[in-house]
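Have a look at query07.tsv; it's TSV, C-alpha atoms:
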```
chain	number	residue	atom	x	y	z
A	1	MET	CA	53.62	-78.81	4.58
A	2	LEU	CA	50.40	-80.08	3.01
A	3	LEU	CA	49.24	-76.57	2.08
A	4	PHE	CA	52.75	-75.57	1.01
A	5	CYS	CA	52.91	-78.48	-1.43
A	6	LYS	CA	49.43	-77.63	-2.69
A	7	GLU	CA	50.54	-74.11	-3.60
A	8	ILE	CA	53.73	-75.29	-5.34
A	9	LYS	CA	51.80	-77.86	-7.40
A	10	LYS	CA	49.80	-75.06	-9.05
A	11	ASP	CA	52.87	-74.17	-11.13
A	12	ILE	CA	55.42	-76.98	-10.73
A	13	THR	CA	55.31	-80.78	-10.74
A	14	VAL	CA	58.87	-81.81	-9.78
A	15	VAL	CA	60.96	-80.04	-7.12
A	16	LEU	CA	64.24	-80.46	-5.26
A	17	SER	CA	64.22	-80.41	-1.46
A	18	GLY	CA	67.07	-79.81	0.97
A	19	GLU	CA	65.60	-82.42	3.31
A	20	CYS	CA	68.21	-84.56	5.08
A	21	SER	CA	71.02	-81.99	4.90
A	22	ASP	CA	70.52	-81.19	8.59
A	23	GLU	CA	70.95	-84.84	9.53
A	24	ILE	CA	74.18	-85.51	7.64
A	25	PHE	CA	75.81	-82.07	7.94
A	26	ALA	CA	74.95	-81.47	11.64
A	27	GLY	CA	72.34	-78.78	11.15
A	28	TYR	CA	70.27	-79.27	14.30
A	29	PRO	CA	70.85	-77.43	17.59
A	30	TRP	CA	71.18	-80.71	19.50
A	31	PHE	CA	74.52	-81.34	17.76
A	32	PHE	CA	75.87	-78.39	19.77
A	33	ARG	CA	73.74	-78.00	22.92
A	34	GLU	CA	75.21	-79.52	26.06
A	35	ASP	CA	71.83	-80.44	27.56
A	36	ALA	CA	71.03	-82.52	24.49
A	37	LEU	CA	74.46	-84.09	24.22
A	38	GLU	CA	74.41	-85.10	27.88
A	39	SER	CA	70.76	-86.19	27.98
A	40	ASN	CA	71.41	-89.92	27.31
A	41	THR	CA	68.22	-90.05	25.24
A	42	PHE	CA	66.89	-88.99	21.85
A	43	PRO	CA	67.95	-85.32	21.75
A	44	TRP	CA	64.89	-84.06	19.88
A	45	SER	CA	62.55	-85.50	22.49
A	46	LEU	CA	63.75	-84.53	25.95
A	47	ALA	CA	60.33	-84.08	27.59
A	48	ILE	CA	60.14	-87.62	28.99
A	49	LYS	CA	58.81	-86.67	32.42
A	50	GLU	CA	56.25	-84.34	30.88
A	51	ARG	CA	55.08	-87.08	28.53
A	52	GLN	CA	54.62	-89.45	31.44
A	53	ASN	CA	52.54	-86.81	33.22
A	54	LEU	CA	50.16	-86.65	30.27
A	55	LEU	CA	48.86	-90.14	31.10
A	56	ASN	CA	46.19	-90.70	33.72
A	57	SER	CA	47.26	-92.40	36.94
A	58	SER	CA	45.92	-95.81	35.90
A	59	LEU	CA	47.89	-95.88	32.66
A	60	SER	CA	50.93	-94.21	34.15
A	61	SER	CA	51.23	-96.97	36.76
A	62	LYS	CA	51.34	-99.61	34.00
A	63	ILE	CA	53.38	-97.80	31.34
A	64	ASN	CA	56.90	-96.60	32.06
A	65	ILE	CA	57.72	-94.39	29.11
A	66	LYS	CA	61.32	-93.84	30.16
A	67	ASP	CA	62.07	-97.59	30.33
A	68	TYR	CA	60.82	-98.07	26.78
A	69	ILE	CA	62.71	-95.04	25.44
A	70	ASP	CA	65.90	-96.12	27.21
A	71	CYS	CA	65.59	-99.58	25.68
A	72	ARG	CA	65.22	-98.30	22.10
A	73	TYR	CA	67.91	-95.67	22.63
A	74	ASN	CA	70.47	-98.20	23.86
A	75	GLN	CA	69.51	-100.70	21.15
A	76	THR	CA	70.20	-98.05	18.54
A	77	LEU	CA	73.54	-97.03	20.01
A	78	SER	CA	74.66	-100.67	20.05
A	79	ASN	CA	74.53	-100.68	16.23
A	80	ILE	CA	77.11	-97.91	15.82
A	81	GLU	CA	80.60	-98.77	14.58
A	82	PHE	CA	83.38	-96.42	15.63
A	83	LEU	CA	86.74	-95.91	13.96
A	84	ASP	CA	90.06	-96.24	15.77
A	85	THR	CA	90.97	-92.85	14.33
A	86	ASP	CA	87.90	-91.11	15.81
A	87	SER	CA	88.62	-88.31	18.23
A	88	GLU	CA	86.61	-88.34	21.44
A	89	GLU	CA	84.41	-85.55	20.09
A	90	THR	CA	83.88	-87.28	16.75
A	91	SER	CA	82.82	-90.46	18.59
A	92	GLU	CA	80.26	-88.53	20.65
A	93	LYS	CA	78.90	-86.67	17.63
A	94	ARG	CA	78.77	-89.94	15.67
A	95	LYS	CA	76.18	-91.13	18.19
A	96	ILE	CA	74.02	-88.05	17.61
A	97	SER	CA	74.44	-88.38	13.85
A	98	TYR	CA	73.37	-92.01	13.88
A	99	LEU	CA	70.36	-91.39	16.10
A	100	THR	CA	69.27	-88.46	13.95
A	101	THR	CA	69.70	-90.30	10.65
A	102	TYR	CA	68.18	-93.57	11.83
A	103	TRP	CA	65.14	-92.09	13.61
A	104	PHE	CA	64.52	-88.39	13.01
A	105	MET	CA	65.25	-88.36	9.28
A	106	GLN	CA	62.80	-91.19	8.63
A	107	THR	CA	59.98	-89.12	10.11
A	108	LEU	CA	60.76	-86.13	7.90
A	109	LEU	CA	61.09	-88.23	4.74
A	110	GLU	CA	57.73	-89.89	5.35
A	111	ARG	CA	56.10	-86.52	6.02
A	112	THR	CA	57.54	-85.04	2.84
A	113	ASP	CA	56.45	-88.04	0.78
A	114	ARG	CA	52.90	-88.12	2.13
A	115	MET	CA	52.26	-84.38	1.97
A	116	SER	CA	53.70	-83.99	-1.52
A	117	MET	CA	52.16	-87.06	-3.14
A	118	TYR	CA	48.73	-86.16	-1.76
A	119	ASN	CA	49.00	-83.11	-3.99
A	120	GLY	CA	50.59	-84.92	-6.94
A	121	LEU	CA	53.90	-83.14	-6.34
A	122	GLU	CA	57.12	-85.06	-7.00
A	123	VAL	CA	59.80	-84.17	-4.43
A	124	ARG	CA	63.40	-85.25	-4.91
A	125	VAL	CA	65.79	-85.32	-1.94
A	126	PRO	CA	69.37	-85.36	-3.33
A	127	PHE	CA	70.99	-85.01	0.11
A	128	CYS	CA	69.52	-88.42	0.95
A	129	ASP	CA	71.56	-90.13	-1.78
A	130	TYR	CA	73.16	-93.06	0.03
A	131	ARG	CA	76.59	-92.24	-1.43
A	132	ILE	CA	76.52	-88.77	0.15
A	133	VAL	CA	75.21	-90.15	3.45
A	134	GLU	CA	77.92	-92.82	3.56
A	135	TYR	CA	80.67	-90.35	2.73
A	136	LEU	CA	79.58	-87.80	5.34
A	137	TRP	CA	79.32	-90.53	8.00
A	138	ASN	CA	83.11	-90.73	8.31
A	139	VAL	CA	83.93	-87.03	7.97
A	140	PRO	CA	85.54	-85.96	11.28
A	141	TRP	CA	83.49	-83.63	13.45
A	142	GLU	CA	86.18	-80.94	13.31
A	143	ILE	CA	85.61	-80.68	9.54
A	144	LYS	CA	81.85	-81.21	9.53
A	145	SER	CA	81.36	-78.35	12.02
A	146	LEU	CA	83.73	-76.04	10.18
A	147	ASN	CA	83.98	-72.59	11.79
A	148	GLY	CA	81.92	-73.89	14.72
A	149	ARG	CA	78.64	-73.55	12.80
A	150	GLU	CA	75.79	-75.87	12.04
A	151	LYS	CA	76.27	-77.24	8.52
A	152	GLY	CA	79.69	-75.56	8.51
A	153	LEU	CA	81.15	-77.88	5.87
A	154	LEU	CA	78.15	-77.48	3.59
A	155	ARG	CA	78.31	-73.70	3.90
A	156	HIS	CA	81.98	-73.83	2.91
A	157	ILE	CA	81.30	-76.09	-0.08
A	158	VAL	CA	78.74	-73.69	-1.60
A	159	LYS	CA	80.35	-70.36	-0.63
A	160	ASP	CA	81.44	-69.70	-4.22
A	161	ILE	CA	78.12	-70.83	-5.67
A	162	LEU	CA	75.48	-69.07	-3.56
A	163	PRO	CA	75.21	-65.45	-2.35
A	164	ASP	CA	76.69	-64.78	1.09
A	165	GLU	CA	73.32	-63.74	2.52
A	166	ILE	CA	72.19	-67.33	1.90
A	167	VAL	CA	75.42	-69.08	2.87
A	168	SER	CA	75.83	-67.19	6.16
A	169	ARG	CA	72.23	-66.71	7.22
A	170	LYS	CA	70.94	-68.04	10.52
A	171	LYS	CA	69.12	-71.35	10.44
A	172	SER	CA	65.36	-70.92	10.16
A	173	PRO	CA	63.53	-74.11	11.19
A	174	TYR	CA	60.49	-75.21	9.19
A	175	PRO	CA	57.59	-75.47	9.66
A	176	LYS	CA	56.74	-73.08	12.46
A	177	THR	CA	54.33	-70.32	13.29
A	178	HIS	CA	54.33	-67.82	16.11
A	179	ASN	CA	51.05	-66.33	14.96
A	180	PRO	CA	48.83	-66.01	18.05
A	181	ASN	CA	45.87	-67.15	15.94
A	182	TYR	CA	47.46	-70.60	15.71
A	183	LEU	CA	47.71	-70.92	19.48
A	184	ALA	CA	44.14	-69.66	19.87
A	185	LYS	CA	42.85	-72.19	17.34
A	186	VAL	CA	44.53	-75.31	18.71
A	187	LYS	CA	43.71	-74.27	22.27
A	188	SER	CA	40.05	-73.86	21.35
A	189	MET	CA	40.01	-77.26	19.63
A	190	LEU	CA	41.54	-79.00	22.65
A	191	GLU	CA	39.19	-77.22	25.06
A	192	ASP	CA	36.22	-78.48	23.04
A	193	ILE	CA	37.60	-82.02	23.17
A	194	MET	CA	38.10	-81.87	26.94
A	195	LYS	CA	34.48	-80.72	27.38
A	196	LYS	CA	33.12	-83.77	25.56
A	197	PRO	CA	32.40	-86.58	28.05
A	198	ASN	CA	32.94	-89.28	25.42
A	199	ALA	CA	36.05	-87.92	23.70
A	200	PRO	CA	38.17	-91.08	23.28
A	201	ILE	CA	41.47	-89.44	24.21
A	202	LYS	CA	40.12	-88.53	27.65
A	203	THR	CA	40.37	-92.18	28.69
A	204	LEU	CA	44.15	-91.85	28.33
A	205	LEU	CA	44.88	-88.41	29.72
A	206	ASN	CA	45.65	-86.79	33.04
A	207	GLU	CA	42.90	-84.18	32.74
A	208	SER	CA	44.21	-81.91	35.48
A	209	TYR	CA	47.58	-81.64	33.71
A	210	ILE	CA	45.89	-80.95	30.37
A	211	ASN	CA	43.82	-78.22	32.00
A	212	GLU	CA	47.00	-76.66	33.39
A	213	ILE	CA	48.45	-76.61	29.89
A	214	LEU	CA	45.32	-74.93	28.56
A	215	GLN	CA	45.15	-72.40	31.38
A	216	THR	CA	48.77	-71.35	30.82
A	217	ASN	CA	48.41	-71.22	27.02
A	218	GLY	CA	50.91	-74.05	26.91
A	219	SER	CA	53.67	-72.16	28.71
A	220	ASN	CA	54.00	-74.82	31.43
A	221	PHE	CA	55.03	-77.32	28.73
A	222	SER	CA	58.31	-75.64	27.93
A	223	ARG	CA	60.21	-78.32	26.01
A	224	PRO	CA	59.51	-78.98	22.33
A	225	TRP	CA	57.11	-81.89	21.90
A	226	PHE	CA	59.13	-83.20	18.97
A	227	GLY	CA	62.10	-81.60	17.27
A	228	GLN	CA	63.11	-78.06	18.10
A	229	LEU	CA	59.93	-76.00	17.80
A	230	MET	CA	56.46	-75.22	19.04
A	231	THR	CA	56.30	-76.28	22.65
A	232	GLY	CA	52.80	-75.92	24.16
A	233	PRO	CA	50.98	-75.17	20.89
A	234	GLN	CA	52.60	-78.15	19.18
A	235	LEU	CA	51.50	-80.45	22.00
A	236	MET	CA	47.91	-79.14	21.85
A	237	ALA	CA	47.80	-79.76	18.12
A	238	TYR	CA	49.19	-83.27	18.61
A	239	LEU	CA	46.56	-84.17	21.20
A	240	CYS	CA	43.80	-82.92	18.89
A	241	GLN	CA	45.19	-85.08	16.08
A	242	VAL	CA	45.37	-88.16	18.29
A	243	ASN	CA	41.73	-87.67	19.30
A	244	MET	CA	40.71	-87.37	15.63
A	245	TRP	CA	42.58	-90.61	14.88
A	246	LEU	CA	40.92	-92.42	17.79
A	247	GLU	CA	37.48	-91.22	16.67
A	248	LYS	CA	38.01	-92.31	13.09
A	249	TYR	CA	39.59	-95.74	13.63
A	250	GLN	CA	38.19	-96.64	17.07
A	251	PRO	CA	41.05	-98.95	18.07
A	252	LYS	CA	40.70	-101.26	21.03
A	253	ILE	CA	43.46	-100.51	23.53
A	254	GLU	CA	44.56	-103.35	25.77
A	255	LEU	CA	47.30	-103.41	28.42
```

Exercise: express the given structure as structure tokens:
Amino acid sequence: MLLFCKEIKKDITVVLSGECSDEIFAGYPWFFREDALESNTFPWSLAIKERQNLLNSSLSSKINIKDYIDCRYNQTLSNIEFLDTDSEETSEKRKISYLTTYWFMQTLLERTDRMSMYNGLEVRVPFCDYRIVEYLWNVPWEIKSLNGREKGLLRHIVKDILPDEIVSRKKSPYPKTHNPNYLAKVKSMLEDIMKKPNAPIKTLLNESYINEILQTNGSNFSRPWFGQLMTGPQLMAYLCQVNMWLEKYQPKIEL
């Protein structure tokens, strides 16, 4: 995203982004996947057990990740207001919509703002207009998921405005890369960190589990770390970033 914004800024200063359309028009796979709908947790972050396993035994005995996630999840659900006219399916999808808008969308908006402003690029997000968000909140699921597709209603709205190859095309999540060079790079970076005796992140990690992840090229971490993409490679990159942050800011961690 940072490099993408850098390239755009060479020719353009103000742009429109489709950010937030997935949240309000049900564009994510977890609006439709049974395992996500029945998970009783944040649907973009299902790898709770795997996250717990990342911690070393000392930390893991003191920190129960699932208890904390369950607490925040239930707190969030308690804020939802349902309508008497809601169908059972609309009520269930309202939960996913609220979770996604309240939590997931905030992350994407902050990312867009930071990456664009670093490059002096002004990004506008019209789908995040509160009037559109409020209106879509009470649209029944049967209409929002028109024709059984993600963003079905939005596709219908623009079918006479945009070419069919755009309206009907399969969702293509961003950002992602399946280039093997990316995996090789983040794996090499994490291997170097794990070889350093004083790497700050090593005081937090279950090293044997991290080594398993490295030895399998990340294939034994099969669930997306965050969102819908980049399982093992995404986790490796995240751990490298956390180590960089710990090195730079040197926080004191107390339990």

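With all atoms listed in the file as the atoms that count, the residue of A:Phe31, A:Phe4, A:Trp44, A:Trp245 with the shortest distance to Asn119 in chain A is A:Phe4.
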
Margin query: Using all atoms listed in the file, which protein or nucleic acid residues come within 10 Å of Ile12 in chain A? Drop anything in the same chain fewer than 5 positions from it, and give the result as a ChimeraX atom specification.
Written below: /A:5,7,121-122

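By only C-alpha atoms, and with residues fewer than 6 positions from range 182-184 of chain A along its chain excluded, the set lying at most 12 Å from it is A:Lys176, A:Leu190, A:Glu191, A:Ile213, A:Leu214, A:Gln215, A:Thr216, A:Asn217, A:Gly218, A:Ser219, A:Met230, A:Thr231, A:Gly232, A:Pro233, A:Gln234, A:Leu235, A:Met236, A:Ala237.
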
Those residues with C-alpha atoms, as a CSV table (one decimal), in the frame of the given file please?
```
chain,number,residue,atom,x,y,z
A,176,LYS,CA,56.7,-73.1,12.5
A,190,LEU,CA,41.5,-79.0,22.6
A,191,GLU,CA,39.2,-77.2,25.1
A,213,ILE,CA,48.4,-76.6,29.9
A,214,LEU,CA,45.3,-74.9,28.6
A,215,GLN,CA,45.2,-72.4,31.4
A,216,THR,CA,48.8,-71.4,30.8
A,217,ASN,CA,48.4,-71.2,27.0
A,218,GLY,CA,50.9,-74.0,26.9
A,219,SER,CA,53.7,-72.2,28.7
A,230,MET,CA,56.5,-75.2,19.0
A,231,THR,CA,56.3,-76.3,22.6
A,232,GLY,CA,52.8,-75.9,24.2
A,233,PRO,CA,51.0,-75.2,20.9
A,234,GLN,CA,52.6,-78.2,19.2
A,235,LEU,CA,51.5,-80.4,22.0
A,236,MET,CA,47.9,-79.1,21.8
A,237,ALA,CA,47.8,-79.8,18.1
```

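Note that CA of Ala26 in chain A and CA of Lys144 in chain A are 7.2 Å apart.
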
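Between CA of Ile8 in chain A and CA of Thr112 in chain A the interatomic distance comes to 13.3 Å.
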
Next item on the list: With only C-alpha atoms counted, which protein, DNA or RNA residues have an atom no more than 9 Å from (39.6, -93.9, 21.3) in the file frame? Please answer as a ChimeraX atom specification.
Entry: /A:199-204,242-253

Next item on the list: Point out the residue among A:Val15, A:Cys240, A:Leu3, A:Ala36 with the least atom-to-atom distance to Glu92 in chain A, counting only C-alpha atoms.
Entry: A:Ala36

Margin query: Please determine, counting only C-alpha atoms, which residue among A:Tyr238, A:Phe25, A:Phe221, A:Trp141 has the shortest atom-to-atom distance to Ser91 in chain A.
Written below: A:Trp141

Check: Can you tell me how far CA of Thr101 in chain A sits from CA of Arg155 in chain A, in Å to one decimal?
Finding: 19.9 Å

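Across A:Ser21, A:Asn211, A:Asn56, A:Asn179, the tightest approach to Met194 in chain A is made by A:Asn211 when counting all atoms listed in the file.
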
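Between Lys9 in chain A and the residues A:Lys159, A:Thr90, A:Val123, A:Met189, the shortest atom-to-atom distance, using all atoms listed in the file, involves A:Val123.
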
Padding 8 Å on every side, please: axis-aligned box over the listed atoms of range 134-152 of chain A, centre and edge lengths to one decimal in Å, as AutoDock Vina command-line options.
```
--center_x 81.0 --center_y -82.7 --center_z 8.7 --size_x 26.4 --size_y 36.2 --size_z 28.0
```

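Counting all atoms listed in the file, the residue from A:Met115, A:Ile69, A:Leu2, A:Leu153 that sits nearest to Ser45 in chain A is A:Ile69.
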